[in-house]
Protein chains: 2
Amino acid sequence: MAQLQKSIDKKNAILNATISLVNEGGFQAASMAKIAKIANVSPATIYLYFKNKQDLINQLYLNTKQQFCSIAFNNYDPLLPTKKGFEIIWYNIASFKLNESRESYFLSQCDNTPMVDAETLQQGIELLEPLTELWKRGKEENVIKPISLYLLYAYTIYPIAFLMNIQKREGHVFNKNCLKNAFDAAWDSIKLATN
Amino acid sequence: MAQLQKSIDKKNAILNATISLVNEGGFQAASMAKIAKIANVSPATIYLYFKNKQDLINQLYLNTKQQFCSIAFNNYDPLLPTKKGFEIIWYNIASFKLNESRESYFLSQCDNTPMVDAETLQQGIELLEPLTELWKRGKEENVIKPISLYLLYAYTIYPIAFLMNIQKREGHVFNKNCLKNAFDAAWDSIKLATN
DNA sequence: TAAAAAAGAATGAACGTTCAGTTTTTTGTT
DNA sequence: AACAAAAAACTGAACGTTCATTCTTTTTTA
């Protein structure tokens, strides 16, 4: 068990070092040698845990996306009213993206570059299924506009990544009021006007 | 003159090759040797036009951003009513992002990674000044919500990049109706409710 | 003491960049 | 209009470095 724990620690050190390096200088700045040095490990050791560099990146992406999604659906109950359920998920996602900016910035890079396998990207997307289910229901109830899931995501979740980028780049911190404005903008963009 | 034209052609070939390679495999897939081969040029020749690789990337970014902005403000007149002016700019940007996907995808990568210098990024942002001016006016007229420029951008322009990504990744083409839905979502997110 | 885990050195390939030499273009002279 | 001389543009090969990965040896664990 102690042995197992040690292994997990090493693997996590490697994953952590990779996030740091990718965030600082992009994929090409994260060489296996640098990752090993920061993780206090021999380059060869990385290959005990990962098949190769691409596998390391893929695993790191899925790992981080899972962290993200486990927080996204905190306190969420599919039985809640549509708007309330959406509000809970949205604020969960916003607080993850704005507070866990290390993880968020890494995910944002993955989602906007060819760093990660197409297949692995797809697996990451599927983790958001409860949100797409909620949207589906909202449309049936005529609470949410009858537009594609892509549009719903583009106008409610994706913008948060931009805010996170700004926060990281300019040190501009978003307070509670800004967050409220952001949520209202998100909801206004997808709600049906009659509600 | 013929000489000058030839130089421009070579420089453009280099810039074009770089976009292609970055789009296919990210920054780290665009080595100087590969760029040279695709541009039908010697690696050494690249250094006649660019100081180094970073300078090539920076110039390419600014170049492409300028293309983008010159289209963004097509047919736009600051004297137009706020919503109409916004509509024109928004559709210009959308058609650039969705039709010129080569250029758009490259810009999207630049905006979400540490590929480009912070200074060069800033220069690119400043090119959108007419849009920020329009928003400022819209707020004064109580037509647009009194929220930060970051939020306005995050909820109207940034989402288009997501749609472009989807289109590129899944071949899912957005028709006129989808575009209308996207514009409505953008406008709904920032308009003041009373209007 | 056997096996599992980790290390460091070594591998060839690829990297960004430079340099010495060649080709192409321009210029000046007839 | 022809042609050498000077300048500019361009090249392939080579530089030292770093890359991802592997191999052999040592250390740690059970």
# chains A, B, ... in the order shown; residues from 1 in each chain; ligands from 1
call {"tool": "residues_around", "arguments": {"residues": "DT26 (chain D)", "least_positions_apart": "4", "cutoff": "12 Å", "atoms": "only C-alpha atoms (C1' of nucleotides)", "output": "list in words"}}
result
DA5, DA6, DA7 and DG8 of chain C
call {"tool": "write_last_selection", "arguments": {"atoms": "N, CA and C atoms (P, O5', C5', C4', C3', O3' and C1' of nucleotides)", "output": "JSON list (two decimals), in the first residue's frame"}}
result
[["chain", "number", "residue", "atom", "x", "y", "z"],
["C", 5, "DA", "P", 6.72, -2.27, -9.73],
["C", 5, "DA", "O5'", 7.92, -1.27, -9.45],
["C", 5, "DA", "C5'", 8.30, -1.01, -8.10],
["C", 5, "DA", "C4'", 9.33, 0.09, -8.07],
["C", 5, "DA", "C3'", 9.03, 1.26, -9.01],
["C", 5, "DA", "O3'", 9.34, 2.44, -8.29],
["C", 5, "DA", "C1'", 11.17, 0.38, -9.52],
["C", 6, "DA", "P", 9.08, 3.89, -8.85],
["C", 6, "DA", "O5'", 10.55, 4.29, -9.26],
["C", 6, "DA", "C5'", 11.54, 4.37, -8.23],
["C", 6, "DA", "C4'", 12.88, 4.63, -8.85],
["C", 6, "DA", "C3'", 12.92, 5.82, -9.81],
["C", 6, "DA", "O3'", 13.70, 6.84, -9.21],
["C", 6, "DA", "C1'", 14.12, 3.94, -10.66],
["C", 7, "DA", "P", 14.09, 8.15, -9.96],
["C", 7, "DA", "O5'", 15.53, 7.75, -10.48],
["C", 7, "DA", "C5'", 16.50, 7.29, -9.55],
["C", 7, "DA", "C4'", 17.79, 7.01, -10.28],
["C", 7, "DA", "C3'", 18.18, 8.15, -11.21],
["C", 7, "DA", "O3'", 19.43, 8.67, -10.81],
["C", 7, "DA", "C1'", 18.23, 6.04, -12.34],
["C", 8, "DG", "P", 19.94, 10.06, -11.28],
["C", 8, "DG", "O5'", 21.01, 9.67, -12.40],
["C", 8, "DG", "C5'", 21.96, 8.65, -12.11],
["C", 8, "DG", "C4'", 22.65, 8.25, -13.39],
["C", 8, "DG", "C3'", 23.02, 9.41, -14.30],
["C", 8, "DG", "O3'", 24.27, 9.11, -14.89],
["C", 8, "DG", "C1'", 21.66, 7.91, -15.48]]
call {"tool": "calpha_fit_and_write", "arguments": {"fixed": "chain A", "moving": "chain B", "output": "PDB file with C-alpha atoms, in the first residue's frame"}}
result
ATOM      1  CA  MET B   1       0.170  -0.020   0.113  1.00  0.00           C
ATOM      2  CA  ALA B   2       3.009   2.324   0.977  1.00  0.00           C
ATOM      3  CA  GLN B   3       4.538   1.280  -2.306  1.00  0.00           C
ATOM      4  CA  LEU B   4       1.338   1.998  -4.165  1.00  0.00           C
ATOM      5  CA  GLN B   5       1.057   5.444  -2.579  1.00  0.00           C
ATOM      6  CA  LYS B   6       4.592   6.261  -3.601  1.00  0.00           C
ATOM      7  CA  SER B   7       3.804   5.370  -7.192  1.00  0.00           C
ATOM      8  CA  ILE B   8       0.725   7.568  -7.174  1.00  0.00           C
ATOM      9  CA  ASP B   9       2.773  10.433  -5.786  1.00  0.00           C
ATOM     10  CA  LYS B  10       5.329  10.076  -8.582  1.00  0.00           C
ATOM     11  CA  LYS B  11       2.687   9.895 -11.259  1.00  0.00           C
ATOM     12  CA  ASN B  12       1.004  12.985  -9.850  1.00  0.00           C
ATOM     13  CA  ALA B  13       4.309  14.821  -9.701  1.00  0.00           C
ATOM     14  CA  ILE B  14       4.826  14.084 -13.392  1.00  0.00           C
ATOM     15  CA  LEU B  15       1.310  15.226 -14.296  1.00  0.00           C
ATOM     16  CA  ASN B  16       1.717  18.361 -12.246  1.00  0.00           C
ATOM     17  CA  ALA B  17       5.049  19.251 -13.761  1.00  0.00           C
ATOM     18  CA  THR B  18       3.537  18.834 -17.210  1.00  0.00           C
ATOM     19  CA  ILE B  19       0.673  21.221 -16.471  1.00  0.00           C
ATOM     20  CA  SER B  20       3.097  23.834 -15.203  1.00  0.00           C
ATOM     21  CA  LEU B  21       5.339  23.647 -18.246  1.00  0.00           C
ATOM     22  CA  VAL B  22       2.500  23.584 -20.775  1.00  0.00           C
ATOM     23  CA  ASN B  23       0.890  26.580 -19.089  1.00  0.00           C
ATOM     24  CA  GLU B  24       4.125  28.542 -19.141  1.00  0.00           C
ATOM     25  CA  GLY B  25       5.238  27.880 -22.684  1.00  0.00           C
ATOM     26  CA  GLY B  26       2.800  25.646 -24.495  1.00  0.00           C
ATOM     27  CA  PHE B  27       3.147  22.048 -25.547  1.00  0.00           C
ATOM     28  CA  GLN B  28       6.527  22.513 -27.162  1.00  0.00           C
ATOM     29  CA  ALA B  29       8.022  23.908 -23.959  1.00  0.00           C
ATOM     30  CA  ALA B  30       7.151  20.748 -22.059  1.00  0.00           C
ATOM     31  CA  SER B  31       9.971  18.419 -23.014  1.00  0.00           C
ATOM     32  CA  MET B  32      10.313  15.068 -21.305  1.00  0.00           C
ATOM     33  CA  ALA B  33      13.656  16.164 -19.857  1.00  0.00           C
ATOM     34  CA  LYS B  34      12.163  19.308 -18.298  1.00  0.00           C
ATOM     35  CA  ILE B  35       9.128  17.438 -16.994  1.00  0.00           C
ATOM     36  CA  ALA B  36      11.434  14.895 -15.383  1.00  0.00           C
ATOM     37  CA  LYS B  37      13.582  17.551 -13.768  1.00  0.00           C
ATOM     38  CA  ILE B  38      10.624  19.421 -12.250  1.00  0.00           C
ATOM     39  CA  ALA B  39       9.005  16.193 -11.075  1.00  0.00           C
ATOM     40  CA  ASN B  40      12.324  15.135  -9.479  1.00  0.00           C
ATOM     41  CA  VAL B  41      12.436  11.977 -11.483  1.00  0.00           C
ATOM     42  CA  SER B  42      14.535  10.404 -14.200  1.00  0.00           C
ATOM     43  CA  PRO B  43      13.288  10.834 -17.776  1.00  0.00           C
ATOM     44  CA  ALA B  44      13.159   7.060 -18.010  1.00  0.00           C
ATOM     45  CA  THR B  45      10.784   6.861 -15.072  1.00  0.00           C
ATOM     46  CA  ILE B  46       8.115   8.743 -17.004  1.00  0.00           C
ATOM     47  CA  TYR B  47       7.965   5.794 -19.372  1.00  0.00           C
ATOM     48  CA  LEU B  48       7.069   3.469 -16.509  1.00  0.00           C
ATOM     49  CA  TYR B  49       3.822   5.370 -16.090  1.00  0.00           C
ATOM     50  CA  PHE B  50       3.092   6.508 -19.651  1.00  0.00           C
ATOM     51  CA  LYS B  51       3.556   4.814 -22.988  1.00  0.00           C
ATOM     52  CA  ASN B  52       4.953   7.960 -24.575  1.00  0.00           C
ATOM     53  CA  LYS B  53       4.569  11.724 -24.545  1.00  0.00           C
ATOM     54  CA  GLN B  54       1.239  11.710 -26.373  1.00  0.00           C
ATOM     55  CA  ASP B  55      -0.144   9.204 -23.888  1.00  0.00           C
ATOM     56  CA  LEU B  56       1.018  11.449 -21.044  1.00  0.00           C
ATOM     57  CA  ILE B  57      -0.805  14.411 -22.558  1.00  0.00           C
ATOM     58  CA  ASN B  58      -3.955  12.404 -23.233  1.00  0.00           C
ATOM     59  CA  GLN B  59      -4.068  10.997 -19.716  1.00  0.00           C
ATOM     60  CA  LEU B  60      -3.411  14.415 -18.251  1.00  0.00           C
ATOM     61  CA  TYR B  61      -6.246  15.875 -20.279  1.00  0.00           C
ATOM     62  CA  LEU B  62      -8.757  13.228 -19.254  1.00  0.00           C
ATOM     63  CA  ASN B  63      -7.608  13.383 -15.666  1.00  0.00           C
ATOM     64  CA  THR B  64      -8.041  17.140 -15.510  1.00  0.00           C
ATOM     65  CA  LYS B  65     -11.352  17.049 -17.357  1.00  0.00           C
ATOM     66  CA  GLN B  66     -12.625  14.548 -14.823  1.00  0.00           C
ATOM     67  CA  GLN B  67     -11.654  16.853 -11.974  1.00  0.00           C
ATOM     68  CA  PHE B  68     -13.510  19.601 -13.794  1.00  0.00           C
ATOM     69  CA  CYS B  69     -16.651  17.559 -14.318  1.00  0.00           C
ATOM     70  CA  SER B  70     -16.755  16.175 -10.818  1.00  0.00           C
ATOM     71  CA  ILE B  71     -16.952  19.758  -9.579  1.00  0.00           C
ATOM     72  CA  ALA B  72     -19.317  20.874 -12.322  1.00  0.00           C
ATOM     73  CA  PHE B  73     -22.149  18.708 -11.044  1.00  0.00           C
ATOM     74  CA  ASN B  74     -21.630  19.324  -7.356  1.00  0.00           C
ATOM     75  CA  ASN B  75     -24.976  19.705  -5.556  1.00  0.00           C
ATOM     76  CA  TYR B  76     -26.751  19.245  -8.856  1.00  0.00           C
ATOM     77  CA  ASP B  77     -29.953  17.237  -8.919  1.00  0.00           C
ATOM     78  CA  PRO B  78     -31.690  16.444 -12.215  1.00  0.00           C
ATOM     79  CA  LEU B  79     -35.008  16.929 -10.450  1.00  0.00           C
ATOM     80  CA  LEU B  80     -34.405  20.640  -9.857  1.00  0.00           C
ATOM     81  CA  PRO B  81     -36.226  23.203 -12.021  1.00  0.00           C
ATOM     82  CA  THR B  82     -34.370  23.905 -15.250  1.00  0.00           C
ATOM     83  CA  LYS B  83     -33.124  27.391 -14.487  1.00  0.00           C
ATOM     84  CA  LYS B  84     -32.089  26.506 -10.945  1.00  0.00           C
ATOM     85  CA  GLY B  85     -30.252  23.402 -12.147  1.00  0.00           C
ATOM     86  CA  PHE B  86     -28.499  25.395 -14.832  1.00  0.00           C
ATOM     87  CA  GLU B  87     -27.551  28.067 -12.331  1.00  0.00           C
ATOM     88  CA  ILE B  88     -25.935  25.543 -10.013  1.00  0.00           C
ATOM     89  CA  ILE B  89     -23.939  23.925 -12.788  1.00  0.00           C
ATOM     90  CA  TRP B  90     -22.930  27.266 -14.272  1.00  0.00           C
ATOM     91  CA  TYR B  91     -21.629  28.629 -10.977  1.00  0.00           C
ATOM     92  CA  ASN B  92     -19.789  25.372 -10.301  1.00  0.00           C
ATOM     93  CA  ILE B  93     -18.073  25.604 -13.654  1.00  0.00           C
ATOM     94  CA  ALA B  94     -17.322  29.292 -13.245  1.00  0.00           C
ATOM     95  CA  SER B  95     -15.749  28.801  -9.848  1.00  0.00           C
ATOM     96  CA  PHE B  96     -13.638  25.940 -11.156  1.00  0.00           C
ATOM     97  CA  LYS B  97     -12.484  27.908 -14.178  1.00  0.00           C
ATOM     98  CA  LEU B  98     -11.720  31.040 -12.223  1.00  0.00           C
ATOM     99  CA  ASN B  99     -10.279  29.485  -9.069  1.00  0.00           C
ATOM    100  CA  GLU B 100      -8.467  26.454 -10.449  1.00  0.00           C
ATOM    101  CA  SER B 101      -6.852  28.476 -13.182  1.00  0.00           C
ATOM    102  CA  ARG B 102      -3.881  26.147 -13.529  1.00  0.00           C
ATOM    103  CA  GLU B 103      -6.142  23.300 -14.544  1.00  0.00           C
ATOM    104  CA  SER B 104      -8.481  25.532 -16.545  1.00  0.00           C
ATOM    105  CA  TYR B 105      -5.799  27.153 -18.604  1.00  0.00           C
ATOM    106  CA  PHE B 106      -4.396  23.765 -19.463  1.00  0.00           C
ATOM    107  CA  LEU B 107      -7.837  22.520 -20.549  1.00  0.00           C
ATOM    108  CA  SER B 108      -8.378  25.652 -22.586  1.00  0.00           C
ATOM    109  CA  GLN B 109      -5.132  25.038 -24.449  1.00  0.00           C
ATOM    110  CA  CYS B 110      -6.139  21.443 -25.108  1.00  0.00           C
ATOM    111  CA  ASP B 111      -9.542  22.443 -26.417  1.00  0.00           C
ATOM    112  CA  ASN B 112      -8.123  24.994 -28.860  1.00  0.00           C
ATOM    113  CA  THR B 113      -5.090  23.186 -30.283  1.00  0.00           C
ATOM    114  CA  PRO B 114      -4.273  19.816 -31.817  1.00  0.00           C
ATOM    115  CA  MET B 115      -2.466  18.766 -28.639  1.00  0.00           C
ATOM    116  CA  VAL B 116      -4.867  15.997 -27.684  1.00  0.00           C
ATOM    117  CA  ASP B 117      -6.125  13.058 -29.778  1.00  0.00           C
ATOM    118  CA  ALA B 118      -9.550  13.557 -31.330  1.00  0.00           C
ATOM    119  CA  GLU B 119     -10.717  10.409 -29.582  1.00  0.00           C
ATOM    120  CA  THR B 120      -9.559  11.593 -26.180  1.00  0.00           C
ATOM    121  CA  LEU B 121     -11.233  14.970 -26.737  1.00  0.00           C
ATOM    122  CA  GLN B 122     -14.496  13.178 -27.456  1.00  0.00           C
ATOM    123  CA  GLN B 123     -14.228  11.216 -24.209  1.00  0.00           C
ATOM    124  CA  GLY B 124     -13.817  14.486 -22.353  1.00  0.00           C
ATOM    125  CA  ILE B 125     -16.904  16.007 -23.919  1.00  0.00           C
ATOM    126  CA  GLU B 126     -19.068  13.045 -23.004  1.00  0.00           C
ATOM    127  CA  LEU B 127     -18.435  13.721 -19.324  1.00  0.00           C
ATOM    128  CA  LEU B 128     -20.716  16.759 -19.572  1.00  0.00           C
ATOM    129  CA  GLU B 129     -23.727  14.624 -20.411  1.00  0.00           C
ATOM    130  CA  PRO B 130     -25.886  15.727 -17.428  1.00  0.00           C
ATOM    131  CA  LEU B 131     -25.696  19.302 -18.713  1.00  0.00           C
ATOM    132  CA  THR B 132     -26.788  18.363 -22.213  1.00  0.00           C
ATOM    133  CA  GLU B 133     -29.636  16.355 -20.692  1.00  0.00           C
ATOM    134  CA  LEU B 134     -30.732  19.408 -18.738  1.00  0.00           C
ATOM    135  CA  TRP B 135     -30.693  21.532 -21.874  1.00  0.00           C
ATOM    136  CA  LYS B 136     -32.727  18.935 -23.725  1.00  0.00           C
ATOM    137  CA  ARG B 137     -35.346  19.077 -20.985  1.00  0.00           C
ATOM    138  CA  GLY B 138     -35.300  22.869 -20.956  1.00  0.00           C
ATOM    139  CA  LYS B 139     -36.121  22.900 -24.643  1.00  0.00           C
ATOM    140  CA  GLU B 140     -39.021  20.515 -24.166  1.00  0.00           C
ATOM    141  CA  GLU B 141     -40.342  22.769 -21.424  1.00  0.00           C
ATOM    142  CA  ASN B 142     -40.039  25.834 -23.684  1.00  0.00           C
ATOM    143  CA  VAL B 143     -37.752  27.453 -21.147  1.00  0.00           C
ATOM    144  CA  ILE B 144     -34.645  27.298 -23.336  1.00  0.00           C
ATOM    145  CA  LYS B 145     -34.381  28.303 -26.985  1.00  0.00           C
ATOM    146  CA  PRO B 146     -34.669  25.470 -29.497  1.00  0.00           C
ATOM    147  CA  ILE B 147     -31.075  25.815 -30.724  1.00  0.00           C
ATOM    148  CA  SER B 148     -28.251  23.305 -31.074  1.00  0.00           C
ATOM    149  CA  LEU B 149     -26.180  22.084 -28.137  1.00  0.00           C
ATOM    150  CA  TYR B 150     -23.180  23.704 -29.794  1.00  0.00           C
ATOM    151  CA  LEU B 151     -24.807  27.110 -29.560  1.00  0.00           C
ATOM    152  CA  LEU B 152     -25.939  26.567 -25.984  1.00  0.00           C
ATOM    153  CA  TYR B 153     -22.400  25.620 -25.000  1.00  0.00           C
ATOM    154  CA  ALA B 154     -20.815  28.406 -27.036  1.00  0.00           C
ATOM    155  CA  TYR B 155     -22.849  31.095 -25.289  1.00  0.00           C
ATOM    156  CA  THR B 156     -22.946  29.870 -21.714  1.00  0.00           C
ATOM    157  CA  ILE B 157     -19.866  27.786 -20.884  1.00  0.00           C
ATOM    158  CA  TYR B 158     -17.235  28.698 -23.470  1.00  0.00           C
ATOM    159  CA  PRO B 159     -17.229  32.418 -22.539  1.00  0.00           C
ATOM    160  CA  ILE B 160     -16.041  31.541 -19.039  1.00  0.00           C
ATOM    161  CA  ALA B 161     -12.788  30.303 -20.553  1.00  0.00           C
ATOM    162  CA  PHE B 162     -12.229  33.758 -22.017  1.00  0.00           C
ATOM    163  CA  LEU B 163     -12.743  35.371 -18.640  1.00  0.00           C
ATOM    164  CA  MET B 164     -10.268  32.928 -17.134  1.00  0.00           C
ATOM    165  CA  ASN B 165      -7.741  33.829 -19.827  1.00  0.00           C
ATOM    166  CA  ILE B 166      -8.146  37.510 -19.062  1.00  0.00           C
ATOM    167  CA  GLN B 167      -7.787  36.881 -15.365  1.00  0.00           C
ATOM    168  CA  LYS B 168      -4.597  34.925 -15.920  1.00  0.00           C
ATOM    169  CA  ARG B 169      -3.141  37.347 -18.426  1.00  0.00           C
ATOM    170  CA  GLU B 170      -3.995  40.645 -16.780  1.00  0.00           C
ATOM    171  CA  GLY B 171      -4.449  39.747 -13.152  1.00  0.00           C
ATOM    172  CA  HIS B 172      -7.950  41.236 -13.472  1.00  0.00           C
ATOM    173  CA  VAL B 173     -10.007  39.454 -10.805  1.00  0.00           C
ATOM    174  CA  PHE B 174     -13.738  38.977 -11.262  1.00  0.00           C
ATOM    175  CA  ASN B 175     -15.745  39.690  -8.144  1.00  0.00           C
ATOM    176  CA  LYS B 176     -19.177  38.432  -7.146  1.00  0.00           C
ATOM    177  CA  ASN B 177     -20.927  41.158  -9.079  1.00  0.00           C
ATOM    178  CA  CYS B 178     -19.011  40.467 -12.297  1.00  0.00           C
ATOM    179  CA  LEU B 179     -19.874  36.809 -11.898  1.00  0.00           C
ATOM    180  CA  LYS B 180     -23.537  37.681 -11.537  1.00  0.00           C
ATOM    181  CA  ASN B 181     -23.352  39.771 -14.711  1.00  0.00           C
ATOM    182  CA  ALA B 182     -21.693  36.866 -16.491  1.00  0.00           C
ATOM    183  CA  PHE B 183     -24.363  34.445 -15.380  1.00  0.00           C
ATOM    184  CA  ASP B 184     -27.140  36.807 -16.454  1.00  0.00           C
ATOM    185  CA  ALA B 185     -25.523  37.199 -19.870  1.00  0.00           C
ATOM    186  CA  ALA B 186     -25.311  33.429 -20.202  1.00  0.00           C
ATOM    187  CA  TRP B 187     -28.910  32.900 -19.204  1.00  0.00           C
ATOM    188  CA  ASP B 188     -30.229  35.790 -21.282  1.00  0.00           C
ATOM    189  CA  SER B 189     -28.559  34.361 -24.361  1.00  0.00           C
ATOM    190  CA  ILE B 190     -30.353  31.011 -24.188  1.00  0.00           C
ATOM    191  CA  LYS B 191     -33.630  31.605 -22.316  1.00  0.00           C
ATOM    192  CA  LEU B 192     -36.861  31.844 -24.256  1.00  0.00           C
ATOM    193  CA  ALA B 193     -38.021  35.458 -24.251  1.00  0.00           C
ATOM    194  CA  THR B 194     -41.453  34.691 -22.813  1.00  0.00           C
ATOM    195  CA  ASN B 195     -39.978  33.477 -19.540  1.00  0.00           C
TER     196      ASN B 195
END
call {"tool": "residues_around", "arguments": {"residues": "DA14 (chain D)", "least_positions_apart": "6", "cutoff": "12 Å", "atoms": "only C-alpha atoms (C1' of nucleotides)", "output": "PyMOL selection string"}}
result
chain C and resi 17-20
call {"tool": "closest_residue", "arguments": {"among": "C:DA4, C:DA9, C:DT30, C:DG16", "to": "chain B", "atoms": "only C-alpha atoms (C1' of nucleotides)"}}
result
C:DG16
call {"tool": "residues_around", "arguments": {"residues": "region 6-9 of chain D", "least_positions_apart": "2", "cutoff": "8 Å", "atoms": "only C-alpha atoms (C1' of nucleotides)", "output": "PyMOL selection string"}}
result
chain C and resi 24-27
call {"tool": "write_last_selection", "arguments": {"atoms": "N, CA and C atoms (P, O5', C5', C4', C3', O3' and C1' of nucleotides)", "output": "CSV table (one decimal), in the first residue's frame"}}
result
chain,number,residue,atom,x,y,z
C,24,DT,P,20.2,30.9,-61.5
C,24,DT,O5',19.8,32.4,-61.2
C,24,DT,C5',19.0,32.6,-60.0
C,24,DT,C4',18.9,34.1,-59.8
C,24,DT,C3',18.5,35.0,-61.0
C,24,DT,O3',17.4,35.7,-60.6
C,24,DT,C1',20.4,35.9,-59.9
C,25,DT,P,16.5,36.6,-61.7
C,25,DT,O5',17.1,38.0,-61.3
C,25,DT,C5',16.8,38.5,-60.0
C,25,DT,C4',17.6,39.8,-59.8
C,25,DT,C3',17.3,40.9,-60.8
C,25,DT,O3',16.8,42.0,-60.1
C,25,DT,C1',19.6,40.7,-60.5
C,26,DT,P,16.3,43.3,-60.9
C,26,DT,O5',17.5,44.3,-60.7
C,26,DT,C5',18.0,44.6,-59.4
C,26,DT,C4',19.3,45.4,-59.4
C,26,DT,C3',19.2,46.6,-60.3
C,26,DT,O3',19.5,47.7,-59.5
C,26,DT,C1',21.1,45.4,-60.9
C,27,DT,P,19.5,49.2,-60.0
C,27,DT,O5',21.0,49.5,-60.4
C,27,DT,C5',22.0,49.3,-59.5
C,27,DT,C4',23.4,49.4,-60.2
C,27,DT,C3',23.5,50.7,-61.1
C,27,DT,O3',24.5,51.5,-60.5
C,27,DT,C1',24.3,48.7,-62.2
call {"tool": "select_by_dssp", "arguments": {"residues": "chain B", "states": "helix (DSSP H, G or I)", "output": "PyMOL selection string"}}
result
chain B and resi 2-25+27-29+32-38+43-49+53-72+82-99+101-111+118-126+129-140+149-156+158-170+176-190
call {"tool": "decode", "arguments": {"residues": "region 16-27 of chain C", "atoms": "N, CA and C atoms (P, O5', C5', C4', C3', O3' and C1' of nucleotides)", "output": "short mmCIF file (atom, residue, chain, number, x, y, z; two decimals), in the first residue's frame"}}
result
data_model
loop_
_atom_site.label_atom_id
_atom_site.label_comp_id
_atom_site.auth_asym_id
_atom_site.auth_seq_id
_atom_site.Cartn_x
_atom_site.Cartn_y
_atom_site.Cartn_z
P DG C 16 12.43 24.38 -35.26
"O5'" DG C 16 13.60 25.37 -34.82
"C5'" DG C 16 13.63 25.85 -33.49
"C4'" DG C 16 14.86 26.71 -33.30
"C3'" DG C 16 14.92 27.94 -34.20
"O3'" DG C 16 15.49 29.02 -33.47
"C1'" DG C 16 16.76 26.54 -34.68
P DT C 17 15.60 30.45 -34.13
"O5'" DT C 17 17.06 30.39 -34.75
"C5'" DT C 17 18.15 30.10 -33.87
"C4'" DT C 17 19.43 29.96 -34.66
"C3'" DT C 17 19.73 31.10 -35.64
"O3'" DT C 17 20.88 31.80 -35.16
"C1'" DT C 17 20.23 28.98 -36.57
P DT C 18 21.47 33.05 -35.96
"O5'" DT C 18 22.67 32.36 -36.75
"C5'" DT C 18 23.59 31.56 -36.03
"C4'" DT C 18 24.66 31.04 -36.95
"C3'" DT C 18 25.30 32.09 -37.88
"O3'" DT C 18 26.69 31.85 -37.88
"C1'" DT C 18 24.50 30.27 -39.15
P DC C 19 27.69 33.02 -38.35
"O5'" DC C 19 28.60 32.21 -39.39
"C5'" DC C 19 28.61 30.78 -39.36
"C4'" DC C 19 29.08 30.24 -40.70
"C3'" DC C 19 29.70 31.29 -41.62
"O3'" DC C 19 30.77 30.70 -42.34
"C1'" DC C 19 27.89 30.29 -42.71
P DA C 20 32.02 31.58 -42.89
"O5'" DA C 20 32.59 30.66 -44.06
"C5'" DA C 20 32.25 29.26 -44.09
"C4'" DA C 20 31.93 28.84 -45.51
"C3'" DA C 20 32.70 29.61 -46.60
"O3'" DA C 20 32.99 28.70 -47.65
"C1'" DA C 20 30.40 29.92 -46.94
P DG C 21 33.89 29.16 -48.87
"O5'" DG C 21 32.92 28.94 -50.10
"C5'" DG C 21 32.28 27.66 -50.27
"C4'" DG C 21 31.06 27.83 -51.14
"C3'" DG C 21 31.32 28.43 -52.52
"O3'" DG C 21 30.75 27.58 -53.49
"C1'" DG C 21 29.55 29.56 -51.47
P DT C 22 31.13 27.71 -55.04
"O5'" DT C 22 29.71 27.97 -55.71
"C5'" DT C 22 28.60 27.14 -55.34
"C4'" DT C 22 27.31 27.81 -55.78
"C3'" DT C 22 27.32 28.35 -57.22
"O3'" DT C 22 26.24 27.76 -57.90
"C1'" DT C 22 26.48 29.97 -55.72
P DT C 23 26.07 27.95 -59.49
"O5'" DT C 23 24.80 28.89 -59.55
"C5'" DT C 23 23.60 28.51 -58.84
"C4'" DT C 23 22.70 29.73 -58.75
"C3'" DT C 23 22.35 30.36 -60.10
"O3'" DT C 23 20.94 30.43 -60.17
"C1'" DT C 23 23.04 32.01 -58.56
P DT C 24 20.21 30.88 -61.51
"O5'" DT C 24 19.79 32.38 -61.17
"C5'" DT C 24 19.00 32.63 -60.00
"C4'" DT C 24 18.94 34.12 -59.76
"C3'" DT C 24 18.49 34.95 -60.96
"O3'" DT C 24 17.36 35.68 -60.57
"C1'" DT C 24 20.40 35.91 -59.91
P DT C 25 16.55 36.55 -61.66
"O5'" DT C 25 17.05 38.03 -61.30
"C5'" DT C 25 16.83 38.52 -59.98
"C4'" DT C 25 17.63 39.80 -59.79
"C3'" DT C 25 17.30 40.91 -60.80
"O3'" DT C 25 16.79 42.02 -60.08
"C1'" DT C 25 19.64 40.68 -60.47
P DT C 26 16.27 43.32 -60.85
"O5'" DT C 26 17.51 44.30 -60.68
"C5'" DT C 26 17.99 44.55 -59.36
"C4'" DT C 26 19.29 45.36 -59.45
"C3'" DT C 26 19.18 46.62 -60.29
"O3'" DT C 26 19.54 47.72 -59.48
"C1'" DT C 26 21.12 45.38 -60.86
P DT C 27 19.45 49.22 -60.04
"O5'" DT C 27 20.97 49.52 -60.44
"C5'" DT C 27 22.01 49.25 -59.51
"C4'" DT C 27 23.35 49.41 -60.21
"C3'" DT C 27 23.47 50.67 -61.06
"O3'" DT C 27 24.50 51.49 -60.53
"C1'" DT C 27 24.30 48.75 -62.20
#
